[in-house]
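For reference, data_26.cif is printed below; it contains mmCIF, C-alpha atoms.
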data_my_file
loop_
_atom_site.group_PDB
_atom_site.id
_atom_site.type_symbol
_atom_site.label_atom_id
_atom_site.label_comp_id
_atom_site.auth_asym_id
_atom_site.auth_seq_id
_atom_site.Cartn_x
_atom_site.Cartn_y
_atom_site.Cartn_z
ATOM 1 C CA MET X 1 -32.890 49.362 -10.791
ATOM 2 C CA ASN X 2 -30.180 51.518 -12.389
ATOM 3 C CA PHE X 3 -26.445 51.371 -11.799
ATOM 4 C CA ASP X 4 -26.432 54.127 -9.100
ATOM 5 C CA GLN X 5 -29.102 52.325 -7.051
ATOM 6 C CA LEU X 6 -27.205 49.022 -7.343
ATOM 7 C CA LYS X 7 -23.992 50.714 -6.228
ATOM 8 C CA GLU X 8 -25.723 52.303 -3.231
ATOM 9 C CA GLN X 9 -27.243 48.968 -2.182
ATOM 10 C CA TRP X 10 -23.821 47.284 -2.444
ATOM 11 C CA ASN X 11 -22.240 49.973 -0.227
ATOM 12 C CA ASN X 12 -24.984 49.535 2.378
ATOM 13 C CA GLU X 13 -24.280 45.793 2.756
ATOM 14 C CA ASP X 14 -22.605 44.809 6.019
ATOM 15 C CA GLY X 15 -19.242 43.343 5.008
ATOM 16 C CA ASP X 16 -18.918 41.493 8.316
ATOM 17 C CA SER X 17 -22.021 39.430 7.584
ATOM 18 C CA VAL X 18 -20.485 37.802 4.526
ATOM 19 C CA ASN X 19 -19.354 34.256 5.353
ATOM 20 C CA ILE X 20 -16.683 32.751 3.119
ATOM 21 C CA PRO X 21 -16.999 28.974 3.024
ATOM 22 C CA ASN X 22 -13.970 27.140 4.299
ATOM 23 C CA THR X 23 -14.391 24.249 1.851
ATOM 24 C CA ILE X 24 -11.440 25.343 -0.277
ATOM 25 C CA GLU X 25 -9.234 25.598 2.806
ATOM 26 C CA GLN X 26 -10.279 22.109 3.855
ATOM 27 C CA LEU X 27 -9.426 20.777 0.428
ATOM 28 C CA LYS X 28 -6.043 22.445 0.504
ATOM 29 C CA LYS X 29 -5.328 20.840 3.875
ATOM 30 C CA SER X 30 -5.574 17.518 2.061
ATOM 31 C CA LYS X 31 -2.302 18.297 0.310
ATOM 32 C CA HIS X 32 -0.551 17.496 3.572
ATOM 33 C CA PRO X 33 -1.639 13.826 3.846
ATOM 34 C CA ILE X 34 -1.174 13.330 0.106
ATOM 35 C CA GLU X 35 2.375 14.629 0.351
ATOM 36 C CA LYS X 36 2.978 12.138 3.186
ATOM 37 C CA ILE X 37 1.580 9.350 1.020
ATOM 38 C CA ARG X 38 3.883 10.312 -1.841
ATOM 39 C CA LYS X 39 6.862 10.424 0.494
ATOM 40 C CA SER X 40 6.123 6.924 1.802
ATOM 41 C CA MET X 41 5.587 5.556 -1.693
ATOM 42 C CA LYS X 42 8.771 7.168 -3.000
ATOM 43 C CA ALA X 43 10.770 5.498 -0.225
ATOM 44 C CA GLU X 44 9.067 2.114 -0.603
ATOM 45 C CA PHE X 45 9.137 1.680 -4.372
ATOM 46 C CA PRO X 46 12.912 1.189 -4.855
ATOM 47 C CA LEU X 47 13.078 -1.018 -1.748
ATOM 48 C CA GLN X 48 10.362 -3.288 -3.139
ATOM 49 C CA VAL X 49 12.135 -3.577 -6.494
ATOM 50 C CA ILE X 50 15.461 -4.390 -4.785
ATOM 51 C CA ALA X 51 13.740 -6.939 -2.514
ATOM 52 C CA VAL X 52 12.223 -8.792 -5.503
ATOM 53 C CA ILE X 53 15.641 -8.894 -7.192
ATOM 54 C CA LEU X 54 17.425 -10.136 -4.062
ATOM 55 C CA ILE X 55 14.880 -12.939 -3.595
ATOM 56 C CA GLY X 56 16.215 -14.379 -6.845
ATOM 57 C CA PHE X 57 19.564 -15.067 -5.134
ATOM 58 C CA PHE X 58 18.124 -17.039 -2.204
ATOM 59 C CA PRO X 59 19.025 -20.498 -3.612
ATOM 60 C CA MET X 60 22.702 -19.542 -3.683
ATOM 61 C CA GLN X 61 22.571 -17.839 -0.308
ATOM 62 C CA LEU X 62 20.816 -20.803 1.336
ATOM 63 C CA GLY X 63 22.934 -23.386 -0.449
ATOM 64 C CA PHE X 64 20.131 -25.161 -2.302
ATOM 65 C CA PRO X 65 21.304 -28.048 -4.507
ATOM 66 C CA SER X 66 21.048 -27.338 -8.223
ATOM 67 C CA SER X 67 18.362 -30.018 -8.570
ATOM 68 C CA GLN X 68 15.977 -27.782 -6.610
ATOM 69 C CA TYR X 69 16.573 -24.700 -8.736
ATOM 70 C CA VAL X 70 13.769 -25.578 -11.159
ATOM 71 C CA ILE X 71 11.278 -25.748 -8.280
ATOM 72 C CA TYR X 72 12.450 -22.493 -6.754
ATOM 73 C CA TYR X 73 12.707 -20.475 -9.963
ATOM 74 C CA THR X 74 9.333 -21.662 -11.257
ATOM 75 C CA SER X 75 7.821 -20.148 -8.124
ATOM 76 C CA TYR X 76 10.075 -17.101 -8.436
ATOM 77 C CA ALA X 77 8.983 -16.507 -12.051
ATOM 78 C CA MET X 78 5.359 -16.357 -10.901
ATOM 79 C CA LEU X 79 6.406 -13.973 -8.141
ATOM 80 C CA VAL X 80 8.133 -11.669 -10.647
ATOM 81 C CA VAL X 81 5.048 -11.560 -12.894
ATOM 82 C CA ILE X 82 2.752 -10.725 -9.972
ATOM 83 C CA SER X 83 5.246 -8.177 -8.619
ATOM 84 C CA SER X 84 5.536 -6.457 -12.006
ATOM 85 C CA TYR X 85 1.764 -6.038 -12.197
ATOM 86 C CA TYR X 86 1.603 -4.705 -8.644
ATOM 87 C CA LEU X 87 4.592 -2.358 -8.998
ATOM 88 C CA TYR X 88 3.145 -0.916 -12.202
ATOM 89 C CA GLY X 89 -0.122 -0.100 -10.398
ATOM 90 C CA PHE X 90 1.862 1.263 -7.455
ATOM 91 C CA TYR X 91 3.868 3.593 -9.731
ATOM 92 C CA LYS X 92 0.757 4.638 -11.660
ATOM 93 C CA PHE X 93 -0.992 5.662 -8.439
ATOM 94 C CA TYR X 94 2.128 7.574 -7.334
ATOM 95 C CA LYS X 95 2.104 9.575 -10.570
ATOM 96 C CA GLN X 96 -1.613 10.231 -10.148
ATOM 97 C CA THR X 97 -1.143 11.744 -6.685
ATOM 98 C CA GLY X 98 1.373 14.162 -8.183
ATOM 99 C CA LEU X 99 -1.350 15.623 -10.418
ATOM 100 C CA TYR X 100 -3.661 16.447 -7.511
ATOM 101 C CA THR X 101 -4.003 20.209 -6.938
ATOM 102 C CA GLY X 102 -6.533 20.301 -4.088
ATOM 103 C CA ASN X 103 -8.943 22.530 -5.973
ATOM 104 C CA THR X 104 -11.964 20.268 -6.263
ATOM 105 C CA LYS X 105 -13.697 17.867 -3.962
ATOM 106 C CA ASN X 106 -14.208 15.360 -6.780
ATOM 107 C CA SER X 107 -10.481 15.040 -7.358
ATOM 108 C CA LEU X 108 -9.967 14.479 -3.629
ATOM 109 C CA TRP X 109 -12.640 11.771 -3.609
ATOM 110 C CA LYS X 110 -10.883 10.102 -6.527
ATOM 111 C CA ILE X 111 -7.536 10.159 -4.723
ATOM 112 C CA TYR X 112 -9.165 8.776 -1.575
ATOM 113 C CA HIS X 113 -10.792 5.861 -3.387
ATOM 114 C CA GLU X 114 -7.601 5.139 -5.339
ATOM 115 C CA LEU X 115 -5.688 5.129 -2.051
ATOM 116 C CA LYS X 116 -8.112 2.629 -0.524
ATOM 117 C CA LEU X 117 -7.811 0.467 -3.634
ATOM 118 C CA ASN X 118 -4.030 0.706 -3.508
ATOM 119 C CA MET X 119 -4.065 -0.356 0.153
ATOM 120 C CA GLU X 120 -6.084 -3.456 -0.789
ATOM 121 C CA ARG X 121 -3.660 -4.153 -3.631
ATOM 122 C CA TYR X 122 -0.735 -3.662 -1.255
ATOM 123 C CA GLN X 123 -2.133 -6.240 1.152
ATOM 124 C CA SER X 124 -2.979 -8.690 -1.637
ATOM 125 C CA PHE X 125 0.567 -8.432 -2.939
ATOM 126 C CA GLY X 126 1.890 -9.284 0.508
ATOM 127 C CA PHE X 127 -0.479 -12.248 0.767
ATOM 128 C CA LEU X 128 0.635 -13.533 -2.647
ATOM 129 C CA LEU X 129 4.214 -13.647 -1.384
ATOM 130 C CA LEU X 130 3.230 -16.309 1.158
ATOM 131 C CA PRO X 131 3.178 -19.294 -1.261
ATOM 132 C CA HIS X 132 6.691 -18.485 -2.462
ATOM 133 C CA LEU X 133 7.815 -18.066 1.142
ATOM 134 C CA MET X 134 6.320 -21.453 2.028
ATOM 135 C CA ILE X 135 8.108 -23.116 -0.897
ATOM 136 C CA THR X 136 11.415 -21.536 0.130
ATOM 137 C CA LEU X 137 11.032 -22.604 3.750
ATOM 138 C CA GLY X 138 9.899 -26.070 2.676
ATOM 139 C CA LEU X 139 12.992 -26.572 0.531
ATOM 140 C CA GLU X 140 15.222 -25.307 3.319
ATOM 141 C CA PHE X 141 13.569 -27.623 5.840
ATOM 142 C CA TYR X 142 13.892 -30.562 3.454
ATOM 143 C CA ASN X 143 17.600 -29.843 2.975
ATOM 144 C CA VAL X 144 18.201 -29.614 6.728
ATOM 145 C CA LEU X 145 16.535 -33.009 7.225
ATOM 146 C CA SER X 146 18.536 -34.510 4.354
ATOM 147 C CA GLU X 147 21.804 -33.372 5.922
ATOM 148 C CA LYS X 148 20.781 -35.250 9.084
ATOM 149 C CA GLY X 149 19.855 -38.355 7.087
ATOM 150 C CA GLN X 150 16.158 -37.948 7.766
ATOM 151 C CA SER X 151 13.019 -37.307 5.722
ATOM 152 C CA LEU X 152 9.496 -36.009 6.309
ATOM 153 C CA GLY X 153 8.231 -39.593 6.388
ATOM 154 C CA ASN X 154 10.486 -40.435 9.323
ATOM 155 C CA LEU X 155 9.134 -37.653 11.524
ATOM 156 C CA THR X 156 6.961 -38.641 14.464
ATOM 157 C CA GLY X 157 3.267 -37.750 14.481
ATOM 158 C CA SER X 158 3.681 -35.186 17.256
ATOM 159 C CA TYR X 159 6.575 -33.535 15.408
ATOM 160 C CA GLN X 160 4.518 -33.313 12.220
ATOM 161 C CA GLN X 161 1.617 -31.800 14.154
ATOM 162 C CA SER X 162 3.968 -29.264 15.716
ATOM 163 C CA LEU X 163 5.302 -28.416 12.272
ATOM 164 C CA ILE X 164 1.809 -27.872 10.860
ATOM 165 C CA LEU X 165 0.853 -25.729 13.864
ATOM 166 C CA THR X 166 4.037 -23.664 13.463
ATOM 167 C CA VAL X 167 3.300 -23.064 9.784
ATOM 168 C CA LEU X 168 -0.288 -22.077 10.598
ATOM 169 C CA LEU X 169 0.724 -19.639 13.331
ATOM 170 C CA GLY X 170 3.503 -18.222 11.153
ATOM 171 C CA THR X 171 1.050 -17.644 8.305
ATOM 172 C CA LEU X 172 -1.476 -15.931 10.586
ATOM 173 C CA ALA X 173 1.273 -13.754 12.069
ATOM 174 C CA THR X 174 2.473 -12.791 8.578
ATOM 175 C CA VAL X 175 -1.052 -11.892 7.429
ATOM 176 C CA ALA X 176 -1.647 -9.824 10.583
ATOM 177 C CA GLY X 177 1.716 -8.118 10.124
ATOM 178 C CA ILE X 178 0.917 -7.176 6.523
ATOM 179 C CA VAL X 179 -2.474 -5.722 7.516
ATOM 180 C CA LEU X 180 -1.019 -3.750 10.432
ATOM 181 C CA TRP X 181 1.908 -2.498 8.352
ATOM 182 C CA THR X 182 -0.452 -1.276 5.618
ATOM 183 C CA LYS X 183 -2.559 0.594 8.180
ATOM 184 C CA TYR X 184 0.564 2.049 9.763
ATOM 185 C CA ILE X 185 1.997 3.321 6.468
ATOM 186 C CA TYR X 186 -1.173 4.497 4.706
ATOM 187 C CA GLY X 187 -4.094 4.084 7.109
ATOM 188 C CA ARG X 188 -3.567 7.348 8.984
ATOM 189 C CA GLN X 189 -3.403 9.377 5.775
ATOM 190 C CA ALA X 190 -6.526 7.637 4.446
ATOM 191 C CA LYS X 191 -8.357 8.486 7.674
ATOM 192 C CA HIS X 192 -7.153 12.080 7.444
ATOM 193 C CA LEU X 193 -8.506 12.402 3.898
ATOM 194 C CA GLU X 194 -11.799 10.826 4.978
ATOM 195 C CA ASN X 195 -12.148 13.357 7.811
ATOM 196 C CA ILE X 196 -11.536 16.253 5.420
ATOM 197 C CA LEU X 197 -14.151 14.925 3.006
ATOM 198 C CA ASN X 198 -16.644 14.568 5.867
ATOM 199 C CA GLU X 199 -15.945 18.152 6.947
ATOM 200 C CA THR X 200 -16.627 19.445 3.436
ATOM 201 C CA ASP X 201 -19.937 17.534 3.400
ATOM 202 C CA GLU X 202 -20.963 19.230 6.642
#
Please go through the file and, once you have read it, give me the structure as C-alpha cells.
Amino acid sequence: MNFDQLKEQWNNEDGDSVNIPNTIEQLKKSKHPIEKIRKSMKAEFPLQVIAVILIGFFPMQLGFPSSQYVIYYTSYAMLVVISSYYLYGFYKFYKQTGLYTGNTKNSLWKIYHELKLNMERYQSFGFLLLPHLMITLGLEFYNVLSEKGQSLGNLTGSYQQSLILTVLLGTLATVAGIVLWTKYIYGRQAKHLENILNETDE
C-alpha cells in the first residue's frame, strides 16, 4: 500500500466512530480530592505541632506539685518522640501529594495506598496519646483527692468500680471519636479516589 492509498483510506474513515477513552479525564478528576486532602493536611499540621507544645505546659496549668513533674515529663518525652515520628511521616506524605500530576493510573494508586496508610498512622497516633492522657488525668485525680485529705485506698468499692467504668467508657469514646474523625477528614476523599480507580478499571 503506497502513501496515496493510505491517505485515501484515512479520509474514508468515519470520524464519529472514533471513541476517545475517558481514562485520562477520570485521572484528572482525582486532582480534586487530592487538593482537598492537601488543604486538610495543611490546616492540621501546624495545629498538631502547637497542640504537642501546649501539652508540655499542662503541669503548670493544672497546678501539679513539682514532685510529680518527673512522672509527667517522662510520659511527655515519650509523647514527643512518637509525635516527631508521626509528624515527619505526615509532612512527607503531604509533600508527596504535591508531586502528583494525575497523568498515570499507577501514580494515583500509589497516592491512594499512601493515603490509606496515612489514615492508619493518624489513628494509631491518636491511640498512642491515650496513655499520656490517662497519666495526666490520674495525676489530676490524685491531687484532687489529696486536697480533700483522701486517697485511692480510702475509696469505697462501688466508687472504685464507678471510676474504672468511667475510664473504660471514656477510652472507648475516645477511640471511636478518633476513628470517626479520621473518616470525616480523609475518608470521603479516599472513597472518591477509590471510585475513580474503579471507573478506570471498567
For X:His192, which residue among X:Leu62, X:Ala43, X:Leu115, X:Ala77 is the nearest when counting all atoms listed in the file?
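Among X:Leu62, X:Ala43, X:Leu115, X:Ala77, it is X:Leu115 that comes nearest to X:His192.
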For atom CA of X:Gln48 and atom CA of X:Leu87, quote the distance in Å rounded to one decimal.
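Straight-line distance from atom CA of X:Gln48 to atom CA of X:Leu87 works out to 8.3 Å.
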If you measure from atom CA of X:Met78 to atom CA of X:Tyr142, what distance in Å do you get, rounded to one decimal?
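Between atom CA of X:Met78 and atom CA of X:Tyr142 the gap is 21.9 Å.
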Selected by the PyMOL selection byres ((chain X and resi 56) around 12) in the shown coordinates: which residues, as a list in words?
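That selection, the PyMOL selection byres ((chain X and resi 56) around 12), comes back as Val49, Ile50, Ala51, Val52, Ile53, Leu54, Ile55, Phe57, Phe58, Pro59, Met60, Gln61, Leu62, Tyr69, Tyr72, Tyr73, Thr74, Ser75, Tyr76, Ala77, Met78, Leu79, Val80, His132 and Thr136 of chain X.
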If we count all atoms listed in the file, what is near X:Ala190 at a cut-off of 8 Å, once residues fewer than 4 positions away on the same chain are taken out, given as a list in words?
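After dropping sequence-adjacent residues, the list is Pro33, Tyr112, Leu115, Lys116, Tyr186 and Glu194 of chain X.
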Could you put an axis-aligned box around every listed atom of stretch 104-109 of chain X, padded by 5 Å on each side, and send me its centre and edge lengths in Å to one decimal, as AutoDock Vina command-line options?
--center_x -12.1 --center_y 16.0 --center_z -5.5 --size_x 14.2 --size_y 18.5 --size_z 13.7
Distance query X:Val144 at most 12 Å, only C-alpha atoms, self and fewer than 5 positions along chain excluded, as a list in words
Leu62, Gly63, Phe64, Pro65, Leu137, Gly138, Leu139, Gly149, Gln150, Ser151 and Leu152 of chain X
So that I can see what lies close to X:Tyr91, please list as an mmCIF file with C-alpha atoms, in the coordinates of the input the residues with an atom at most 12 Å from it, counting only C-alpha atoms and leaving out residues fewer than 3 positions away in the same chain.
data_model
loop_
_atom_site.group_PDB
_atom_site.id
_atom_site.type_symbol
_atom_site.label_atom_id
_atom_site.label_comp_id
_atom_site.auth_asym_id
_atom_site.auth_seq_id
_atom_site.Cartn_x
_atom_site.Cartn_y
_atom_site.Cartn_z
ATOM 1 C CA ARG X 38 3.883 10.312 -1.841
ATOM 2 C CA MET X 41 5.587 5.556 -1.693
ATOM 3 C CA LYS X 42 8.771 7.168 -3.000
ATOM 4 C CA ALA X 43 10.770 5.498 -0.225
ATOM 5 C CA GLU X 44 9.067 2.114 -0.603
ATOM 6 C CA PHE X 45 9.137 1.680 -4.372
ATOM 7 C CA PRO X 46 12.912 1.189 -4.855
ATOM 8 C CA GLN X 48 10.362 -3.288 -3.139
ATOM 9 C CA VAL X 49 12.135 -3.577 -6.494
ATOM 10 C CA SER X 83 5.246 -8.177 -8.619
ATOM 11 C CA SER X 84 5.536 -6.457 -12.006
ATOM 12 C CA TYR X 85 1.764 -6.038 -12.197
ATOM 13 C CA TYR X 86 1.603 -4.705 -8.644
ATOM 14 C CA LEU X 87 4.592 -2.358 -8.998
ATOM 15 C CA TYR X 88 3.145 -0.916 -12.202
ATOM 16 C CA TYR X 94 2.128 7.574 -7.334
ATOM 17 C CA LYS X 95 2.104 9.575 -10.570
ATOM 18 C CA GLN X 96 -1.613 10.231 -10.148
ATOM 19 C CA THR X 97 -1.143 11.744 -6.685
ATOM 20 C CA GLY X 98 1.373 14.162 -8.183
ATOM 21 C CA ASN X 118 -4.030 0.706 -3.508
#
Considering all atoms listed in the file, can you say which of X:Leu193, X:Ile37, X:Val70, X:Ile178 comes closest to X:Tyr122?
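Among the listed residues, the smallest separation from X:Tyr122 belongs to X:Ile178.
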Would you mind listing what lies within 9 Å of X:Gln123 as a VMD selection string, with all atoms listed in the file counted and same-chain residues fewer than 6 positions away left out?
chain X and resid 175 178 to 179 182
Record the distance separating atom CA of X:Gln68 and atom CA of X:Asn143, expressed in Å with one decimal.
9.9 Å
Identify which of the residues X:Leu47, X:Leu129, X:Met134, X:Phe93 lies closest to X:Gly170, counting all atoms listed in the file when measuring atom-to-atom distances.
X:Met134
Would you list the contacts of X:Thr171 as a VMD selection string, taking every protein, DNA or RNA residue within 10 Å and counting only C-alpha atoms, but skipping same-chain residues closer than 2 positions in sequence?
chain X and resid 127 130 to 131 133 to 134 165 to 169 173 to 177
